[in-house]
Amino acid sequence: MRNLLLATGLIATATMAAAQDRPVLTVYTYDSFVSDWGPGPAVEEAFEAQCACDLQFVGAGDGAALLSRLRLEGARTDADIVLGLDTNLTAAARETGLFAPHGVDADFDMPIAWTDDTFLPFDWGYFAFVADADLQAPGDFRALGDSDTTIVIQDPRSSTPGLGLVMWVKAAYGDEAGAVWEGLADNIVTVTPGWSEAYGLFLEGEADMVLSYTTSPAYHLIAEDDATKTAVQMAEGHYMQVEVAAKLAGTDQSDLADQFLSFMLTDAFQSVIPTTNWMYPAKTPEAGLPEGFETLITPGKALLLNPEEARAMRDAAIAEWQAALAR
Amino acid sequence: MLRFDAVRIEQGDFRMDADLSIDAGARVAVIGPSGAGKSTLLNALAGFLELSSGRLSWDGTDITDAPPARRPVAMLFQDNNLFPHLSVAQNVGLGLRPDLRLSPEDRARVAQALGRVGLDGMGERRPANLSGGQQGRAALARVLVQRKPIVLLDEPFAALGPALKTEMLDLVAELVAETGATLLMVSHDPDDARRICPLTVLVDDGCAAPPVATAPLLDNPPPGLRAYLGN
Amino acid sequence: MQPSPNGKPRWRASVTRRTSLPDWPGLLAGLFLCALILGPLAAVTLRAGGGGWPVAADWAALRFTVLQAVLSAVISVALAVPVARALARRRFPGRGVLITLLGAPFILPVIVAVLGLLAVFGRGGVLNDALLWLGLPRVQIYGLHGVVLAHVFFNLPLATRMILQGWQAIPAERFRLAASLGMSPGTVLRILEWPMLRTVLPGAALIVFALCLSSFAVALTLGGGPRATTLELAIYQAFHFDFDLGRAAVLAVMQLVLVIAAAALALRVNPATGFGAGLDRIQRRWEAETPLLRTQDAVLILLAALFLLTPLAAVVWHGAAGLMEMPAQVWNAAAVSLAVSLVATVLCLSLAMALATLALRRPWVEGFGLMGIAISPLVIGTGLFLIVNPWVDPARLALGVTALVNAVMALPFALRMILLRLREIEETHGRLATSLGMTGGVRLRWLILPRLRPVLGFSAGLTAALSMGDLGVIALFADMENATLPLQILRLMGAYRMDAAAGAGLLLLALSLALFWVFDKGGRDNASV
């Protein structure tokens, strides 16, 4: 064991030594972005090939954990870029005053217009219920509430999709959201702390449908050659998640950070996203989306509350959800 | 001379007084009814119990507050006189060096002591591989190398058969005679006392009496002792 | 004080003030633990600028936390009594292996265990398949009963071991006496077993209770909805979604008070429950040798084994398929986890030894050991993060901090087992050692460590296995290079790779059991009488 520790230490020292002569760009992101099977490795390679720098990803839990970490570190943070916040978090992130405008002017291939000058999207997706393809799934929330179809969802207080669903119902039904939730209460098998647990339960056959993304079936189709999963089209439209990156105002690598944000919207970055992050790229690469993505459903309507709106109604919407489910 | 000077020992409701002297080299039995405090007396002398009042001294040196290992005392308990995880030689060696850093001379002394108690060549065995009598001998070998001027026996051979016990008592008598040590021995068997202890301390009714000659005491016991002896 | 066979009070180490082992390591360890628990809590509170009075939702979380913990404890212990009794009096092939395997649920990472449970009790599980086949309605696992079921699954083995040890502490002579007096099983229960149970049960129940207080993923995943919000979950939410450090600190204090109260009560009610090292002795029980009771015991053991081992079998079954799909990072994570677990083991045993030595004379010192399960790992992690961040990059301390927190979490168990044995050693051999002048290091080397070895081995095995499975605080500190195996499993699941995650779960289970086995065996090998 001592040898192992020693070896780890040596490797760490060696990496540091090699990196010393190049400027380091530190990017805080969520865990799954940097894993072997995430976009991180390919992105790092592509960017380092053109920047004469050392791109270092630091993984910190999920998007919410990422923001918590930044707040804990405050202005002293080593991060130059934060990558992986979403529209539910940007209002709170903006309030910290830690971020600088991105200065990038780009056209996005997203169903909504994007005007934020601080947070720059790199991918997006629609929340959706994923089910087995042969399920006769209800086509809207009220029908779902009236049906026997069982669902497993995530807790909005600890999970991004969970919060997304609460916002989805709120965006679609406004003041009637509470009633819709009451209808859904007996369809909900359980509420999990995170996406992983919910998706795991679904794959174990614990529920007919799971709250996930419209792009989830693409994973099964492309990575597992399994066409039995599908996302269910909802008549109300689908709520969106937009994942963004931003530059820290206190960065000591401002030029490099700008360079990275521009790079983020090039094909080298964007073409990696669909089959690693299983989301839609913010700007469709020239070669188009990978084969298999054309089988995914296209929601009739994209729903997204703007960040300030979302933040303002979050607590009330969660309370409504909680009250309806606690009965 | 071993001196108990107005010694009082208290444990909860229990109380015992002792004011007595024992000459160097004497062999003294400690006799009395169950629960009278025979073992308590020895434990106080060995340093395991604090005195409530009074002083203990040996040859004029006060030992009342000395820690057990610094007292001029080697003691054998009712049981657990050997560490089961150490070899016989190591157990004996502890009497010389508690850290077991034994010099060649120390080892020679251990071997010699084992020879003296009749355990030649058994030094490497574990106590579990010895008979009850052999275990008693091994413990005596340690007492031997400790070279303490006072030896305390708290019924260590009670579990042995009569013949074996007699054999061990004789060995104890020989050893203390050779080393000139003072012996205090708790026993509930008057024959043990007659066999090797010319003197006896009677512990009864919260009081340890000064030593008296064993034979006359046992031949003509006072009432409390008579009831205990059952004759 | 235990009476010796001849009825006299036995000499006890604590009788004399003259001590043979120094106090300072224990005092140092106690101070260290206080600093480690209270320092981060203070850091979080300071950063938040103080906490507020708990709000209604916090009290609701407290109520649910206590409710599920009480139910889990009572049911675990009630079920453990007949199982322990059956195990205490029956000899059968595979008994030793069964007792070792029964320890497995306790060391499984929660999510792996939950998926295993669902394979049995879930909608598509074995149980519902069987009910369906019999034409009976399906059972629903989600809800308070699901939470309790999972907690019983985790803690029944622990309770069984504690109670089994109580049984084995009854001297064999008393059962012989009972047999010669012709006592019926009912009389034996009343005269011999009930007095033992009365002293052992409260301690066992309170320990399970304390463990269930900090439940998080089990409670939410199987709880079925937001009603099943525990304090630990509320802490998580306060940190992650609201970034409300003050509220997190207040919740952590509520949890701390609750566990300390339970722990204090447990120690007071019963200072002598162990966790079951050396349970291979079997008592011959004459009064129980009737065909009816034999059958009853066999059924009980079979049911307990089925309940505990079927989900494990599901974990193995699922995992075996995924073993081939595990990416290389899993092996790296396994190596990291092993290193963390070994460091945690050394730390935990050192702390336990130091505290146990001091606790020989001052029993309340054992309370320090229980602080480990009293505080949310999230709070420790965040507090430590706040403390070290101005000085060092927290990621560089990730593994050290994880090992430390895992050590502290396993400390109550190691401390309890070591202390009980240490007391026994001092009672049996302490006087001789003292009279020979064996003090300090010499006493440790030549008396304590050799006599303690089997217990040290068992404690080390348990600590190592617990540290393997514990997510601890790694998630807050970790970057990619030093992910532990449980974290890697979560990450795999987060990337749709459920099969690979199941494989990694199996690997984790195998490594944990192997570590336990190696340490436990190492402790017992060459151990003389």
# chains A, B, ... in the order shown; residues from 1 in each chain; ligands from 1

call {"tool": "select_by_dssp", "arguments": {"residues": "range 236-471 of chain C", "states": "helix (DSSP H, G or I)", "output": "PyMOL selection string"}}
result
chain C and resi 236-240+245-269+286-288+291-325+328-359+363-374+377-388+394-435+440-469

call {"tool": "residues_around", "arguments": {"residues": "Leu202 in chain B", "least_positions_apart": "3", "cutoff": "9 Å", "atoms": "only C-alpha atoms", "output": "list of chain:residue names"}}
result
B:Ala29, B:Val30, B:Ile31, B:Gly32, B:Lys38, B:Cys207, B:Ala208, B:Ala209, B:Pro210, B:Pro211, B:Val212, B:Leu225

call {"tool": "write_last_selection", "arguments": {"atoms": "C-alpha atoms", "output": "short mmCIF file (atom, residue, chain, number, x, y, z; two decimals), in the first residue's frame"}}
result
data_model
loop_
_atom_site.label_atom_id
_atom_site.label_comp_id
_atom_site.auth_asym_id
_atom_site.auth_seq_id
_atom_site.Cartn_x
_atom_site.Cartn_y
_atom_site.Cartn_z
CA ALA B 29 0.20 -18.50 57.59
CA VAL B 30 -2.77 -16.14 57.34
CA ILE B 31 -5.87 -17.95 58.51
CA GLY B 32 -9.45 -16.98 59.17
CA LYS B 38 -7.15 -12.53 54.43
CA CYS B 207 -8.87 -7.50 62.94
CA ALA B 208 -5.58 -9.16 61.94
CA ALA B 209 -3.91 -10.43 65.11
CA PRO B 210 -0.14 -10.47 65.62
CA PRO B 211 1.48 -13.77 64.67
CA VAL B 212 1.42 -16.62 67.16
CA LEU B 225 -11.67 -19.93 64.44
#

call {"tool": "closest_residue", "arguments": {"among": "A:Phe57, A:Tyr28, A:Phe141, A:Tyr126", "to": "Glu73 in chain A", "atoms": "only C-alpha atoms"}}
result
A:Tyr28

call {"tool": "residues_around", "arguments": {"residues": "Ile375 in chain C", "least_positions_apart": "6", "cutoff": "7 Å", "atoms": "only C-alpha atoms", "output": "PyMOL selection string"}}
result
chain C and resi 252+255-256

call {"tool": "residues_around", "arguments": {"residues": "Asp99 in chain B", "least_positions_apart": "3", "cutoff": "10 Å", "atoms": "only C-alpha atoms", "output": "list in words"}}
result
Gly93, Leu94, Gly95, Leu96 and Leu102 of chain B; Leu436, Gly437, Met438, Thr439, Gly441, Val442, Arg443, Arg445 and Trp446 of chain C

call {"tool": "interface_residues", "arguments": {"of": "chain B", "to": "chain C", "cutoff": "9 Å", "atoms": "only C-alpha atoms", "output": "PyMOL selection string"}}
result
chain B and resi 35+46-50+67-71+73-77+79-86+94-100+126+128+146

call {"tool": "write_last_selection", "arguments": {"atoms": "N, CA and C atoms", "output": "short mmCIF file (atom, residue, chain, number, x, y, z; two decimals), in the first residue's frame"}}
result
data_model
loop_
_atom_site.label_atom_id
_atom_site.label_comp_id
_atom_site.auth_asym_id
_atom_site.auth_seq_id
_atom_site.Cartn_x
_atom_site.Cartn_y
_atom_site.Cartn_z
N GLY B 35 -14.19 -14.45 53.90
CA GLY B 35 -14.66 -13.08 53.92
C GLY B 35 -14.10 -12.25 55.06
N ALA B 46 0.78 -5.80 49.14
CA ALA B 46 1.38 -5.82 47.81
C ALA B 46 1.17 -4.49 47.07
N GLY B 47 0.31 -3.64 47.63
CA GLY B 47 0.15 -2.32 47.02
C GLY B 47 -1.04 -2.21 46.10
N PHE B 48 -1.96 -3.16 46.14
CA PHE B 48 -3.12 -3.09 45.26
C PHE B 48 -4.30 -2.38 45.92
N LEU B 49 -4.22 -2.18 47.22
CA LEU B 49 -5.28 -1.46 47.92
C LEU B 49 -4.65 -0.32 48.71
N GLU B 50 -5.33 0.79 48.76
CA GLU B 50 -4.83 1.91 49.53
C GLU B 50 -5.22 1.71 51.00
N PRO B 67 4.62 2.15 44.73
CA PRO B 67 3.83 1.37 43.78
C PRO B 67 4.16 -0.13 43.90
N PRO B 68 3.23 -0.98 43.48
CA PRO B 68 3.39 -2.42 43.70
C PRO B 68 4.76 -2.96 43.27
N ALA B 69 5.22 -2.54 42.11
CA ALA B 69 6.45 -3.12 41.61
C ALA B 69 7.68 -2.69 42.41
N ARG B 70 7.55 -1.59 43.17
CA ARG B 70 8.70 -1.10 43.95
C ARG B 70 8.74 -1.67 45.35
N ARG B 71 7.75 -2.48 45.68
CA ARG B 71 7.71 -3.01 47.04
C ARG B 71 8.58 -4.26 47.14
N VAL B 73 8.15 -7.13 47.54
CA VAL B 73 7.15 -8.18 47.61
C VAL B 73 7.00 -8.90 46.28
N ALA B 74 7.01 -10.24 46.30
CA ALA B 74 6.61 -11.02 45.13
C ALA B 74 5.35 -11.78 45.53
N MET B 75 4.36 -11.78 44.64
CA MET B 75 3.08 -12.36 45.04
C MET B 75 2.57 -13.38 44.03
N LEU B 76 1.99 -14.47 44.55
CA LEU B 76 1.28 -15.42 43.71
C LEU B 76 -0.21 -15.34 44.04
N PHE B 77 -1.03 -15.16 42.98
CA PHE B 77 -2.46 -14.98 43.17
C PHE B 77 -3.19 -16.31 43.12
N ASP B 79 -5.29 -17.26 40.91
CA ASP B 79 -5.17 -17.80 39.55
C ASP B 79 -4.52 -16.74 38.67
N ASN B 80 -4.38 -17.07 37.40
CA ASN B 80 -3.75 -16.16 36.44
C ASN B 80 -2.37 -15.68 36.87
N ASN B 81 -1.54 -16.62 37.29
CA ASN B 81 -0.18 -16.26 37.67
C ASN B 81 0.78 -16.28 36.49
N LEU B 82 0.32 -16.78 35.36
CA LEU B 82 1.16 -16.79 34.15
C LEU B 82 0.38 -16.13 33.01
N PHE B 83 1.12 -15.42 32.16
CA PHE B 83 0.48 -14.87 30.96
C PHE B 83 0.38 -15.96 29.90
N PRO B 84 -0.83 -16.29 29.46
CA PRO B 84 -0.99 -17.43 28.57
C PRO B 84 -0.36 -17.23 27.19
N HIS B 85 -0.11 -15.97 26.79
CA HIS B 85 0.41 -15.73 25.45
C HIS B 85 1.92 -15.73 25.42
N LEU B 86 2.56 -15.84 26.58
CA LEU B 86 4.03 -15.81 26.62
C LEU B 86 4.54 -17.20 26.98
N LEU B 94 10.10 -12.13 33.00
CA LEU B 94 9.44 -10.90 33.43
C LEU B 94 9.82 -10.52 34.86
N GLY B 95 10.18 -11.53 35.65
CA GLY B 95 10.59 -11.26 37.02
C GLY B 95 11.91 -10.52 37.09
N LEU B 96 12.71 -10.64 36.02
CA LEU B 96 13.99 -9.93 35.97
C LEU B 96 13.86 -8.59 35.29
N ARG B 97 13.25 -8.62 34.11
CA ARG B 97 13.11 -7.40 33.32
C ARG B 97 11.68 -7.33 32.79
N PRO B 98 10.86 -6.41 33.30
CA PRO B 98 9.48 -6.36 32.81
C PRO B 98 9.40 -6.03 31.32
N ASP B 99 10.46 -5.48 30.72
CA ASP B 99 10.41 -5.23 29.28
C ASP B 99 10.98 -6.40 28.48
N LEU B 100 11.37 -7.45 29.19
CA LEU B 100 11.88 -8.69 28.56
C LEU B 100 13.13 -8.48 27.72
N ARG B 126 4.22 -22.98 26.07
CA ARG B 126 3.21 -22.05 26.54
C ARG B 126 2.57 -22.65 27.79
N ALA B 128 -0.37 -23.15 28.57
CA ALA B 128 -1.47 -24.08 28.30
C ALA B 128 -0.98 -25.49 28.10
N GLN B 146 12.80 -13.10 40.97
CA GLN B 146 12.48 -11.74 41.41
C GLN B 146 13.32 -11.33 42.61
#

call {"tool": "residues_around", "arguments": {"residues": "range 259-264 of chain A", "least_positions_apart": "6", "cutoff": "7 Å", "atoms": "only C-alpha atoms", "output": "list in words"}}
result
Val104, Phe122 and Gln270 of chain A

call {"tool": "write_last_selection", "arguments": {"atoms": "C-alpha atoms", "output": "tab-separated table (two decimals), in the first residue's frame"}}
result
chain	number	residue	atom	x	y	z
A	104	VAL	CA	-19.19	36.22	-26.73
A	122	PHE	CA	-23.00	24.97	-23.81
A	270	GLN	CA	-19.97	20.86	-29.25

call {"tool": "residues_around", "arguments": {"residues": "Met313 in chain A", "least_positions_apart": "3", "cutoff": "12 Å", "atoms": "only C-alpha atoms", "output": "NGL selection string"}}
result
:A and (88 or 163 or 166-167 or 170-171 or 174-175 or 305-310 or 316-320)

call {"tool": "atom_distance", "arguments": {"atom1": "CA of Ala24 in chain B", "atom2": "CA of Ala181 in chain B"}}
result
7.2 Å

call {"tool": "closest_residue", "arguments": {"among": "C:Leu181, C:Ile373, C:Ala78, C:Leu386", "to": "Ala205 in chain C", "atoms": "only C-alpha atoms"}}
result
C:Ala78

call {"tool": "interface_residues", "arguments": {"of": "chain C", "to": "chain A", "cutoff": "7 Å", "atoms": "only C-alpha atoms", "output": "PyMOL selection string"}}
result
chain C and resi 122-124+142+217+220-227+237+240-241+243+339+386+475-476+478-480+491+493-495+498

call {"tool": "residues_around", "arguments": {"residues": "Val315 in chain C", "least_positions_apart": "5", "cutoff": "8 Å", "atoms": "only C-alpha atoms", "output": "MDAnalysis selection string"}}
result
chainID C and resid 112:113 115:116 502 505:506

call {"tool": "atom_distance", "arguments": {"atom1": "CA of Leu397 in chain C", "atom2": "CA of Cys34 in chain C"}}
result
19.9 Å

call {"tool": "decode", "arguments": {"residues": "range 70-88 of chain A", "atoms": "N, CA, C and O atoms", "output": "PDB file, in the first residue's frame"}}
result
ATOM      1  N   LEU A  70     -18.277  27.299  -4.801  1.00  0.00           N
ATOM      2  CA  LEU A  70     -17.832  28.651  -5.161  1.00  0.00           C
ATOM      3  C   LEU A  70     -18.164  29.649  -4.066  1.00  0.00           C
ATOM      4  O   LEU A  70     -17.365  30.515  -3.730  1.00  0.00           O
ATOM      5  N   ARG A  71     -19.363  29.488  -3.488  1.00  0.00           N
ATOM      6  CA  ARG A  71     -19.746  30.425  -2.432  1.00  0.00           C
ATOM      7  C   ARG A  71     -18.880  30.234  -1.208  1.00  0.00           C
ATOM      8  O   ARG A  71     -18.551  31.204  -0.518  1.00  0.00           O
ATOM      9  N   LEU A  72     -18.519  28.967  -0.911  1.00  0.00           N
ATOM     10  CA  LEU A  72     -17.646  28.720   0.232  1.00  0.00           C
ATOM     11  C   LEU A  72     -16.282  29.369   0.004  1.00  0.00           C
ATOM     12  O   LEU A  72     -15.685  29.927   0.913  1.00  0.00           O
ATOM     13  N   GLU A  73     -15.810  29.281  -1.228  1.00  0.00           N
ATOM     14  CA  GLU A  73     -14.469  29.803  -1.510  1.00  0.00           C
ATOM     15  C   GLU A  73     -14.467  31.312  -1.717  1.00  0.00           C
ATOM     16  O   GLU A  73     -13.467  31.976  -1.474  1.00  0.00           O
ATOM     17  N   GLY A  74     -15.601  31.812  -2.194  1.00  0.00           N
ATOM     18  CA  GLY A  74     -15.716  33.253  -2.412  1.00  0.00           C
ATOM     19  C   GLY A  74     -14.703  33.752  -3.423  1.00  0.00           C
ATOM     20  O   GLY A  74     -14.285  33.025  -4.328  1.00  0.00           O
ATOM     21  N   ALA A  75     -14.264  35.022  -3.239  1.00  0.00           N
ATOM     22  CA  ALA A  75     -13.386  35.651  -4.218  1.00  0.00           C
ATOM     23  C   ALA A  75     -12.017  34.983  -4.250  1.00  0.00           C
ATOM     24  O   ALA A  75     -11.243  35.191  -5.178  1.00  0.00           O
ATOM     25  N   ARG A  76     -11.710  34.157  -3.229  1.00  0.00           N
ATOM     26  CA  ARG A  76     -10.389  33.522  -3.190  1.00  0.00           C
ATOM     27  C   ARG A  76     -10.293  32.328  -4.118  1.00  0.00           C
ATOM     28  O   ARG A  76      -9.244  31.694  -4.219  1.00  0.00           O
ATOM     29  N   THR A  77     -11.382  31.980  -4.754  1.00  0.00           N
ATOM     30  CA  THR A  77     -11.394  30.737  -5.529  1.00  0.00           C
ATOM     31  C   THR A  77     -10.308  30.697  -6.599  1.00  0.00           C
ATOM     32  O   THR A  77      -9.919  31.724  -7.160  1.00  0.00           O
ATOM     33  N   ASP A  78      -9.810  29.478  -6.867  1.00  0.00           N
ATOM     34  CA  ASP A  78      -8.818  29.274  -7.920  1.00  0.00           C
ATOM     35  C   ASP A  78      -9.470  29.158  -9.293  1.00  0.00           C
ATOM     36  O   ASP A  78      -8.778  29.145 -10.310  1.00  0.00           O
ATOM     37  N   ALA A  79     -10.783  29.035  -9.300  1.00  0.00           N
ATOM     38  CA  ALA A  79     -11.465  28.778 -10.564  1.00  0.00           C
ATOM     39  C   ALA A  79     -11.343  29.981 -11.493  1.00  0.00           C
ATOM     40  O   ALA A  79     -11.429  31.135 -11.064  1.00  0.00           O
ATOM     41  N   ASP A  80     -11.124  29.702 -12.783  1.00  0.00           N
ATOM     42  CA  ASP A  80     -11.158  30.749 -13.799  1.00  0.00           C
ATOM     43  C   ASP A  80     -12.506  30.711 -14.512  1.00  0.00           C
ATOM     44  O   ASP A  80     -13.038  31.727 -14.931  1.00  0.00           O
ATOM     45  N   ILE A  81     -13.014  29.499 -14.663  1.00  0.00           N
ATOM     46  CA  ILE A  81     -14.290  29.280 -15.354  1.00  0.00           C
ATOM     47  C   ILE A  81     -15.133  28.343 -14.487  1.00  0.00           C
ATOM     48  O   ILE A  81     -14.590  27.441 -13.858  1.00  0.00           O
ATOM     49  N   VAL A  82     -16.438  28.573 -14.485  1.00  0.00           N
ATOM     50  CA  VAL A  82     -17.333  27.578 -13.908  1.00  0.00           C
ATOM     51  C   VAL A  82     -18.227  27.081 -15.030  1.00  0.00           C
ATOM     52  O   VAL A  82     -18.805  27.881 -15.770  1.00  0.00           O
ATOM     53  N   LEU A  83     -18.299  25.763 -15.148  1.00  0.00           N
ATOM     54  CA  LEU A  83     -19.021  25.165 -16.257  1.00  0.00           C
ATOM     55  C   LEU A  83     -19.987  24.137 -15.693  1.00  0.00           C
ATOM     56  O   LEU A  83     -19.561  23.213 -14.992  1.00  0.00           O
ATOM     57  N   GLY A  84     -21.296  24.337 -15.930  1.00  0.00           N
ATOM     58  CA  GLY A  84     -22.242  23.322 -15.469  1.00  0.00           C
ATOM     59  C   GLY A  84     -23.344  23.837 -14.567  1.00  0.00           C
ATOM     60  O   GLY A  84     -24.080  23.043 -13.991  1.00  0.00           O
ATOM     61  N   LEU A  85     -23.456  25.156 -14.413  1.00  0.00           N
ATOM     62  CA  LEU A  85     -24.638  25.664 -13.712  1.00  0.00           C
ATOM     63  C   LEU A  85     -25.806  25.582 -14.682  1.00  0.00           C
ATOM     64  O   LEU A  85     -25.613  25.481 -15.894  1.00  0.00           O
ATOM     65  N   ASP A  86     -27.033  25.609 -14.124  1.00  0.00           N
ATOM     66  CA  ASP A  86     -28.152  25.664 -15.048  1.00  0.00           C
ATOM     67  C   ASP A  86     -29.046  26.845 -14.708  1.00  0.00           C
ATOM     68  O   ASP A  86     -28.775  27.591 -13.774  1.00  0.00           O
ATOM     69  N   THR A  87     -30.118  26.990 -15.486  1.00  0.00           N
ATOM     70  CA  THR A  87     -30.932  28.200 -15.368  1.00  0.00           C
ATOM     71  C   THR A  87     -31.627  28.320 -14.008  1.00  0.00           C
ATOM     72  O   THR A  87     -32.078  29.396 -13.647  1.00  0.00           O
ATOM     73  N   ASN A  88     -31.700  27.214 -13.265  1.00  0.00           N
ATOM     74  CA  ASN A  88     -32.258  27.327 -11.926  1.00  0.00           C
ATOM     75  C   ASN A  88     -31.285  27.969 -10.958  1.00  0.00           C
ATOM     76  O   ASN A  88     -31.668  28.398  -9.881  1.00  0.00           O
TER      77      ASN A  88
END
